[in-house]
Structure formats: structure tokens, C-alpha cells
file final-v7.txt (compact mmCIF, C-alpha atoms)
# COMPACT_ATOMS: atom_id res chain seq x y z
CA MET P 273 -27.17 -139.15 4.22
CA GLU P 274 -25.48 -139.51 7.58
CA ALA P 275 -24.73 -136.37 9.56
CA VAL P 276 -21.05 -135.59 10.15
CA SER P 277 -19.99 -134.42 13.59
CA LEU P 278 -18.43 -130.97 13.51
CA THR P 279 -16.77 -131.29 16.88
CA GLY P 280 -13.20 -132.19 17.79
CA ILE P 281 -10.65 -132.49 15.00
CA THR P 282 -13.12 -133.80 12.39
CA PRO P 283 -13.75 -130.40 10.73
CA VAL P 284 -10.01 -129.65 10.63
CA GLN P 285 -9.27 -133.05 9.12
CA MET P 286 -12.01 -132.56 6.50
CA LEU P 287 -10.62 -129.13 5.65
CA LEU P 288 -7.10 -130.57 5.34
CA GLU P 289 -8.32 -133.38 3.06
CA ASN P 290 -10.17 -130.91 0.81
CA GLY P 291 -7.19 -128.55 0.71
CA LEU P 292 -4.79 -131.37 -0.17
CA ASP P 293 -7.08 -132.58 -2.96
CA LYS P 294 -7.36 -129.06 -4.38
CA MET P 295 -3.61 -128.45 -4.26
CA LYS P 296 -2.82 -131.83 -5.84
CA LYS P 297 -5.25 -131.09 -8.68
CA ASP P 298 -3.68 -127.65 -9.23
CA TYR P 299 -0.12 -129.04 -9.34
CA VAL P 300 -1.11 -131.92 -11.61
CA SER P 301 -2.93 -129.49 -13.93
CA PHE P 302 0.23 -127.38 -14.21
CA PHE P 303 2.57 -130.29 -15.00
CA ILE P 304 0.16 -131.91 -17.45
CA GLY P 305 -0.92 -128.58 -19.00
CA GLN P 306 2.71 -127.61 -19.64
CA GLU P 307 3.35 -131.14 -20.99
CA LEU P 308 6.09 -131.68 -18.43
CA ALA P 309 4.65 -134.91 -16.99
CA THR P 310 1.90 -137.45 -17.46
CA LEU P 311 -0.76 -138.41 -14.97
CA THR P 312 0.89 -141.82 -14.69
CA SER P 313 4.25 -140.30 -13.76
CA LEU P 314 2.56 -138.24 -11.04
CA ASP P 315 0.50 -141.14 -9.59
CA CYS P 316 2.68 -141.59 -6.54
CA PHE P 317 2.21 -137.92 -5.57
CA ILE P 318 -1.59 -137.87 -5.83
CA SER P 319 -2.50 -141.15 -4.18
CA THR P 320 -5.22 -140.95 -1.55
CA SER P 321 -4.49 -144.46 -0.25
CA VAL P 322 -1.72 -143.16 2.04
CA ASP P 323 -2.22 -141.39 5.38
CA LEU P 324 -2.68 -137.62 5.58
CA GLN P 325 0.90 -136.96 6.70
CA GLU P 326 2.26 -138.74 3.62
CA GLN P 327 -0.19 -136.80 1.42
CA VAL P 328 1.15 -133.55 2.91
CA HIS P 329 4.70 -134.69 2.06
CA CYS P 330 3.60 -135.45 -1.51
CA VAL P 331 2.13 -131.96 -1.88
CA GLN P 332 5.39 -130.49 -0.53
CA LYS P 333 7.30 -132.44 -3.19
CA LEU P 334 4.97 -131.22 -5.95
CA HIS P 335 5.33 -127.67 -4.68
CA HIS P 336 9.13 -127.86 -4.69
CA MET P 337 9.13 -129.25 -8.25
CA LEU P 338 6.81 -126.43 -9.31
CA GLU P 339 9.11 -123.82 -7.72
CA ILE P 340 12.07 -125.20 -9.68
CA MET P 341 10.19 -125.17 -12.99
CA VAL P 342 8.71 -121.70 -12.47
CA SER P 343 12.11 -120.29 -11.45
CA CYS P 344 13.71 -121.76 -14.56
CA THR P 345 10.89 -120.41 -16.73
CA VAL P 346 10.55 -116.92 -15.28
CA LEU P 347 14.09 -116.10 -14.19
CA LEU P 348 16.10 -117.99 -16.79
CA GLN P 349 13.48 -118.03 -19.60
CA PHE P 350 14.08 -121.71 -20.33
CA LYS P 351 11.75 -123.44 -22.76
CA HIS P 352 9.94 -126.77 -22.68
CA GLU P 353 12.90 -128.65 -24.20
CA SER P 354 14.91 -127.98 -21.05
CA LEU P 355 12.11 -128.12 -18.51
CA PHE P 356 10.82 -131.55 -19.51
CA PRO P 357 13.99 -133.53 -18.66
CA TRP P 358 14.45 -131.50 -15.48
CA THR P 359 10.90 -132.33 -14.39
CA GLN P 360 11.64 -136.01 -14.96
CA ILE P 361 14.81 -135.75 -12.83
CA CYS P 362 12.82 -134.10 -10.02
CA ILE P 363 10.01 -136.68 -10.23
CA LYS P 364 12.52 -139.53 -10.07
CA TYR P 365 14.28 -138.00 -7.07
CA TYR P 366 11.06 -137.32 -5.13
CA ARG P 367 9.60 -140.75 -5.84
CA GLU P 368 12.46 -142.25 -3.86
CA ASN P 369 13.21 -139.52 -1.28
CA PRO P 370 11.40 -137.48 1.37
CA PRO P 371 10.69 -133.79 0.78
CA ASP P 372 13.92 -131.82 1.02
CA GLU P 373 13.98 -128.19 -0.11
CA LYS P 374 17.71 -128.03 0.57
CA HIS P 375 18.49 -130.82 -1.89
CA VAL P 376 20.68 -129.53 -4.69
CA PHE P 377 19.57 -130.84 -8.06
CA GLN P 378 22.32 -131.07 -10.63
CA LEU P 379 20.32 -130.36 -13.75
CA PRO P 380 22.07 -130.54 -17.11
CA VAL P 381 22.42 -127.14 -18.76
CA SER P 382 23.91 -126.62 -22.18
CA SER P 383 26.00 -123.52 -22.77
CA ALA P 384 23.54 -122.46 -25.48
CA LEU P 385 20.80 -122.11 -22.84
CA VAL P 386 22.75 -119.64 -20.73
CA LYS P 387 24.63 -117.92 -23.55
CA LYS P 388 22.41 -114.84 -23.39
CA PHE P 389 23.40 -114.26 -19.73
CA TYR P 390 27.15 -114.01 -20.19
CA PRO P 391 28.10 -112.06 -23.36
CA ASP P 392 28.62 -108.82 -21.41
CA SER P 393 29.93 -110.41 -18.23
CA HIS P 394 33.53 -110.98 -17.38
CA PRO P 395 33.66 -114.09 -15.24
CA GLU P 396 36.48 -114.51 -12.79
CA VAL P 397 36.16 -118.29 -12.53
CA TRP P 398 35.28 -120.93 -15.09
CA LYS P 399 34.77 -124.48 -13.86
CA VAL P 400 34.01 -127.78 -15.56
CA ASP P 401 33.36 -131.18 -13.96
CA ILE P 402 33.84 -134.35 -15.97
CA SER P 403 32.87 -137.78 -14.65
CA SER P 404 33.77 -141.10 -16.22
CA GLY P 405 33.17 -144.66 -15.14
CA HIS P 406 30.55 -145.89 -12.68
CA GLY P 407 30.46 -147.00 -9.07
CA PRO P 408 33.84 -147.87 -7.58
CA LYS P 409 35.59 -147.10 -10.88
CA GLU P 410 34.16 -143.60 -11.21
CA VAL P 411 36.69 -140.82 -11.72
CA LYS P 412 35.66 -137.19 -11.42
CA THR P 413 37.93 -134.48 -12.80
CA THR P 414 37.35 -130.80 -12.07
CA TRP P 415 39.13 -128.03 -13.94
CA GLN P 416 38.89 -124.50 -12.70
CA VAL P 417 40.41 -121.48 -14.43
CA SER P 418 40.48 -118.17 -12.62
CA THR P 419 41.68 -114.63 -13.23
CA ASN P 420 42.63 -114.48 -9.54
CA PRO P 421 45.58 -116.40 -8.09
CA PRO P 422 44.84 -119.17 -5.58
CA VAL P 423 46.84 -117.28 -2.92
CA GLU P 424 47.50 -113.54 -2.53
CA HIS P 425 51.33 -113.64 -2.51
CA MET P 426 51.31 -114.82 -6.14
CA MET P 427 50.06 -111.36 -7.14
CA SER P 428 53.54 -109.84 -6.64
CA ASN P 429 54.87 -111.87 -9.58
CA ASN P 430 52.29 -110.32 -11.91
CA THR P 431 54.02 -107.79 -14.17
CA GLY P 432 50.88 -106.03 -15.31
CA LYS P 433 49.86 -108.85 -17.66
CA GLU P 434 46.55 -110.61 -17.21
CA CYS P 435 47.16 -114.13 -15.93
CA LEU P 436 45.01 -117.22 -15.83
CA TRP P 437 45.42 -119.61 -12.93
CA GLN P 438 44.50 -123.26 -13.30
CA ASN P 439 43.41 -125.61 -10.55
CA GLU P 440 42.79 -129.28 -11.31
CA ILE P 441 41.31 -131.85 -8.98
CA ILE P 442 41.04 -135.54 -9.79
CA LYS P 443 39.01 -137.71 -7.45
CA ALA P 444 38.67 -141.46 -7.83
CA ASP P 445 36.15 -143.15 -5.56
CA ALA P 446 37.48 -146.40 -4.19

call {"tool": "encode", "arguments": {"input": "final-v7.txt", "output": "C-alpha cells"}}
result
Amino acid sequence: MEAVSLTGITPVQMLLENGLDKMKKDYVSFFIGQELATLTSLDCFISTSVDLQEQVHCVQKLHHMLEIMVSCTVLLQFKHESLFPWTQICIKYYRENPPDEKHVFQLPVSSALVKKFYPDSHPEVWKVDISSGHGPKEVKTTWQVSTNPPVEHMMSNNTGKECLWQNEIIKADA
């Protein structure tokens, strides 16, 4: 066996390579163990054929996906049925994009999943977005209903009755 020089950046690089391998194995074990992904779907994140900087980016992506899944599991108590499609959305995004912890994922959530969080709450704003069509023919409609008026001076017309205020936005991309 050939001796490895422990001078210069060699030891640091070896430590980084070992750490990356360990972290990739841990993340892959989580996603496969929870049946949220397959080894094949995670291939692009665990490849060792790319340079170290790209491997670091891949570990950052895996970490961000894990944070999303753990947050949804612990804070929102979502089950596998919800987490699986969300994991696939995250994997698809991170296959094609660099690591970005500020990216806002728009994950589909049914009202049944969050029902337990709002029976005792009294929301001031309800909003729904509806999209139809694709590409240049896409039309997005947003309805927002609020218990507060859009501007303060409208409060003077309120005669003690509870009012609902509607705001509708229709946007067509051309």
C-alpha cells in the first residue's frame, strides 16, 4: 500500500470526501427508509464522478429536502401520502437547479390535511389561486376574501355588521 502524504491540503480533502460520503449515505438512508424515494431517483445527488464542489452542492440539496420533509412531519404531522409527492417535487426541482434555500416550493395541500389546524381559528383572509391553460394561454385567477376592508376609510360605512370584502385578480400571461 502506498503511503499518503499528510501535508498541504491532502488531509483536508480526504476529510471532506469522507464527510460527504457519510452525509450522502445518511440522507439516502432517510429517504429510502421512509419510502420517499428510490436509490435511482437519488442517483444524481450521490454521484462521485463530479468534482468536490458539485458534491457539496448535492449534499446541500439533500439537506434542504430533508429539512422540508422533517418540518412537514414534525410541525404539521403530515403522513407518507403527502410527503411522497412533495419529495418527488423537490427531487425534480433540485435535479435541474442549483441549491437555493430561499426557493419557495408550492406543494399541493388538501384542506383535509390542515383541517385540524383551523377549527378554533378565525382567519381574517381566505385566498384561493386557480390556474388554467398552459404557456402563453395560461390564466391565473386569485380570489381573496377578507374580514378587513382593503382601505381604512371603508370602515366608516360599517354599521356594526360583519362584512366580507372580496378582491379578485385575473392575470393572463401573454

call {"tool": "residues_around", "arguments": {"input": "final-v7.txt", "residues": "stretch 281-295 of chain P", "least_positions_apart": "6", "cutoff": "8 Å", "atoms": "only C-alpha atoms", "output": "list in words"}}
result
Leu324, Gln327, Val328 and Val331 of chain P

call {"tool": "atom_distance", "arguments": {"input": "final-v7.txt", "atom1": "atom CA of P:Trp415", "atom2": "atom CA of P:Val400"}}
result
5.4 Å

call {"tool": "atom_distance", "arguments": {"input": "final-v7.txt", "atom1": "atom CA of P:Glu368", "atom2": "atom CA of P:His329"}}
result
12.3 Å

call {"tool": "closest_residue", "arguments": {"input": "final-v7.txt", "among": "P:His352, P:Lys412, P:Lys399, P:His335", "to": "P:Glu307", "atoms": "all atoms listed in the file"}}
result
P:His352

call {"tool": "atom_distance", "arguments": {"input": "final-v7.txt", "atom1": "atom CA of P:Thr359", "atom2": "atom CA of P:Ile340"}}
result
8.6 Å

call {"tool": "residues_near_point", "arguments": {"input": "final-v7.txt", "point": "(6.5, -126.6, -7.4)", "cutoff": "12 Å", "atoms": "all atoms listed in the file", "output": "ChimeraX atom specification"}}
result
/P:295-296,298-303,330-344,359,362-363,366,371,373

call {"tool": "closest_residue", "arguments": {"input": "final-v7.txt", "among": "P:Ala275, P:Ala309, P:Ile318, P:Ile402", "to": "P:Phe356", "atoms": "all atoms listed in the file"}}
result
P:Ala309

call {"tool": "residues_around", "arguments": {"input": "final-v7.txt", "residues": "P:Gln378", "least_positions_apart": "2", "cutoff": "12 Å", "atoms": "all atoms listed in the file", "output": "mmCIF file with C-alpha atoms, in the coordinates of the input"}}
result
data_model
loop_
_atom_site.group_PDB
_atom_site.id
_atom_site.type_symbol
_atom_site.label_atom_id
_atom_site.label_comp_id
_atom_site.auth_asym_id
_atom_site.auth_seq_id
_atom_site.Cartn_x
_atom_site.Cartn_y
_atom_site.Cartn_z
ATOM 1 C CA ILE P 340 12.070 -125.200 -9.680
ATOM 2 C CA PRO P 357 13.990 -133.530 -18.660
ATOM 3 C CA TRP P 358 14.450 -131.500 -15.480
ATOM 4 C CA ILE P 361 14.810 -135.750 -12.830
ATOM 5 C CA CYS P 362 12.820 -134.100 -10.020
ATOM 6 C CA TYR P 365 14.280 -138.000 -7.070
ATOM 7 C CA HIS P 375 18.490 -130.820 -1.890
ATOM 8 C CA VAL P 376 20.680 -129.530 -4.690
ATOM 9 C CA PRO P 380 22.070 -130.540 -17.110
ATOM 10 C CA VAL P 381 22.420 -127.140 -18.760
ATOM 11 C CA ASP P 401 33.360 -131.180 -13.960
#

call {"tool": "axis_aligned_box", "arguments": {"input": "final-v7.txt", "around": "stretch 323-333 of chain P", "padding_each_side": "6 Å", "output": "lines of an AutoDock Vina configuration file"}}
result
center_x = 2.3
center_y = -135.9
center_z = 1.8
size_x = 22.0
size_y = 22.9
size_z = 21.9

call {"tool": "closest_residue", "arguments": {"input": "final-v7.txt", "among": "P:Gly305, P:Pro408, P:Leu347, P:Thr312", "to": "P:Phe389", "atoms": "all atoms listed in the file"}}
result
P:Leu347

call {"tool": "build_atoms", "arguments": {"input": "final-v7.txt", "residues": "stretch 311-322 of chain P", "atoms": "all heavy atoms", "output": "PDB file, in the coordinates of the input"}}
result
ATOM      1  N   LEU P 311      -0.039-138.049 -16.179  1.00  0.00           N
ATOM      2  CA  LEU P 311      -0.760-138.410 -14.970  1.00  0.00           C
ATOM      3  C   LEU P 311      -0.150-139.668 -14.344  1.00  0.00           C
ATOM      4  O   LEU P 311       0.000-139.757 -13.123  1.00  0.00           O
ATOM      5  CB  LEU P 311      -2.246-138.639 -15.284  1.00  0.00           C
ATOM      6  CG  LEU P 311      -3.172-138.846 -14.100  1.00  0.00           C
ATOM      7  CD1 LEU P 311      -3.083-137.673 -13.122  1.00  0.00           C
ATOM      8  CD2 LEU P 311      -4.607-139.029 -14.565  1.00  0.00           C
ATOM      9  N   THR P 312       0.266-140.588 -15.179  1.00  0.00           N
ATOM     10  CA  THR P 312       0.890-141.820 -14.690  1.00  0.00           C
ATOM     11  C   THR P 312       2.171-141.525 -13.930  1.00  0.00           C
ATOM     12  O   THR P 312       2.432-142.114 -12.878  1.00  0.00           O
ATOM     13  CB  THR P 312       1.184-142.786 -15.862  1.00  0.00           C
ATOM     14  OG1 THR P 312      -0.019-142.976 -16.597  1.00  0.00           O
ATOM     15  CG2 THR P 312       1.713-144.106 -15.370  1.00  0.00           C
ATOM     16  N   SER P 313       2.987-140.604 -14.436  1.00  0.00           N
ATOM     17  CA  SER P 313       4.250-140.300 -13.760  1.00  0.00           C
ATOM     18  C   SER P 313       4.035-139.565 -12.435  1.00  0.00           C
ATOM     19  O   SER P 313       4.914-139.567 -11.575  1.00  0.00           O
ATOM     20  CB  SER P 313       5.176-139.491 -14.666  1.00  0.00           C
ATOM     21  OG  SER P 313       4.652-138.202 -14.893  1.00  0.00           O
ATOM     22  N   LEU P 314       2.863-138.967 -12.266  1.00  0.00           N
ATOM     23  CA  LEU P 314       2.560-138.240 -11.040  1.00  0.00           C
ATOM     24  C   LEU P 314       1.708-139.044 -10.059  1.00  0.00           C
ATOM     25  O   LEU P 314       1.369-138.538  -8.983  1.00  0.00           O
ATOM     26  CB  LEU P 314       1.849-136.916 -11.376  1.00  0.00           C
ATOM     27  CG  LEU P 314       2.644-135.924 -12.215  1.00  0.00           C
ATOM     28  CD1 LEU P 314       1.754-134.768 -12.653  1.00  0.00           C
ATOM     29  CD2 LEU P 314       3.858-135.425 -11.457  1.00  0.00           C
ATOM     30  N   ASP P 315       1.357-140.292 -10.428  1.00  0.00           N
ATOM     31  CA  ASP P 315       0.500-141.140  -9.590  1.00  0.00           C
ATOM     32  C   ASP P 315       0.931-141.205  -8.139  1.00  0.00           C
ATOM     33  O   ASP P 315       0.112-141.089  -7.235  1.00  0.00           O
ATOM     34  CB  ASP P 315       0.442-142.574 -10.139  1.00  0.00           C
ATOM     35  CG  ASP P 315      -0.660-142.755 -11.152  1.00  0.00           C
ATOM     36  OD1 ASP P 315      -1.479-141.839 -11.314  1.00  0.00           O
ATOM     37  OD2 ASP P 315      -0.688-143.839 -11.774  1.00  0.00           O
ATOM     38  N   CYS P 316       2.207-141.405  -7.920  1.00  0.00           N
ATOM     39  CA  CYS P 316       2.680-141.590  -6.540  1.00  0.00           C
ATOM     40  C   CYS P 316       2.492-140.334  -5.703  1.00  0.00           C
ATOM     41  O   CYS P 316       2.441-140.416  -4.474  1.00  0.00           O
ATOM     42  CB  CYS P 316       4.135-142.038  -6.536  1.00  0.00           C
ATOM     43  SG  CYS P 316       5.249-140.850  -7.277  1.00  0.00           S
ATOM     44  N   PHE P 317       2.363-139.176  -6.326  1.00  0.00           N
ATOM     45  CA  PHE P 317       2.210-137.920  -5.570  1.00  0.00           C
ATOM     46  C   PHE P 317       0.750-137.587  -5.287  1.00  0.00           C
ATOM     47  O   PHE P 317       0.476-136.732  -4.451  1.00  0.00           O
ATOM     48  CB  PHE P 317       2.844-136.764  -6.344  1.00  0.00           C
ATOM     49  CG  PHE P 317       4.295-136.960  -6.628  1.00  0.00           C
ATOM     50  CD1 PHE P 317       4.721-137.289  -7.903  1.00  0.00           C
ATOM     51  CD2 PHE P 317       5.237-136.839  -5.629  1.00  0.00           C
ATOM     52  CE1 PHE P 317       6.070-137.481  -8.171  1.00  0.00           C
ATOM     53  CE2 PHE P 317       6.588-137.035  -5.883  1.00  0.00           C
ATOM     54  CZ  PHE P 317       6.995-137.356  -7.160  1.00  0.00           C
ATOM     55  N   ILE P 318      -0.179-138.232  -5.992  1.00  0.00           N
ATOM     56  CA  ILE P 318      -1.590-137.870  -5.830  1.00  0.00           C
ATOM     57  C   ILE P 318      -2.432-138.979  -5.226  1.00  0.00           C
ATOM     58  O   ILE P 318      -3.643-138.861  -5.141  1.00  0.00           O
ATOM     59  CB  ILE P 318      -2.191-137.405  -7.184  1.00  0.00           C
ATOM     60  CG1 ILE P 318      -2.060-138.484  -8.246  1.00  0.00           C
ATOM     61  CG2 ILE P 318      -1.550-136.107  -7.630  1.00  0.00           C
ATOM     62  CD1 ILE P 318      -2.736-138.133  -9.565  1.00  0.00           C
ATOM     63  N   SER P 319      -1.792-140.017  -4.766  1.00  0.00           N
ATOM     64  CA  SER P 319      -2.500-141.150  -4.180  1.00  0.00           C
ATOM     65  C   SER P 319      -3.237-140.732  -2.908  1.00  0.00           C
ATOM     66  O   SER P 319      -2.699-139.997  -2.080  1.00  0.00           O
ATOM     67  CB  SER P 319      -1.517-142.275  -3.852  1.00  0.00           C
ATOM     68  OG  SER P 319      -2.186-143.302  -3.172  1.00  0.00           O
ATOM     69  N   THR P 320      -4.455-141.212  -2.772  1.00  0.00           N
ATOM     70  CA  THR P 320      -5.220-140.950  -1.550  1.00  0.00           C
ATOM     71  C   THR P 320      -5.226-142.181  -0.646  1.00  0.00           C
ATOM     72  O   THR P 320      -5.858-142.166   0.407  1.00  0.00           O
ATOM     73  CB  THR P 320      -6.679-140.562  -1.889  1.00  0.00           C
ATOM     74  OG1 THR P 320      -7.253-141.577  -2.705  1.00  0.00           O
ATOM     75  CG2 THR P 320      -6.739-139.228  -2.593  1.00  0.00           C
ATOM     76  N   SER P 321      -4.518-143.226  -1.051  1.00  0.00           N
ATOM     77  CA  SER P 321      -4.490-144.460  -0.250  1.00  0.00           C
ATOM     78  C   SER P 321      -3.455-144.409   0.868  1.00  0.00           C
ATOM     79  O   SER P 321      -3.338-145.354   1.631  1.00  0.00           O
ATOM     80  CB  SER P 321      -4.243-145.665  -1.157  1.00  0.00           C
ATOM     81  OG  SER P 321      -2.974-145.551  -1.765  1.00  0.00           O
ATOM     82  N   VAL P 322      -2.705-143.311   0.966  1.00  0.00           N
ATOM     83  CA  VAL P 322      -1.720-143.160   2.040  1.00  0.00           C
ATOM     84  C   VAL P 322      -2.303-142.232   3.111  1.00  0.00           C
ATOM     85  O   VAL P 322      -3.272-141.513   2.865  1.00  0.00           O
ATOM     86  CB  VAL P 322      -0.372-142.613   1.511  1.00  0.00           C
ATOM     87  CG1 VAL P 322       0.274-143.625   0.576  1.00  0.00           C
ATOM     88  CG2 VAL P 322      -0.538-141.288   0.824  1.00  0.00           C
TER      89      VAL P 322
END
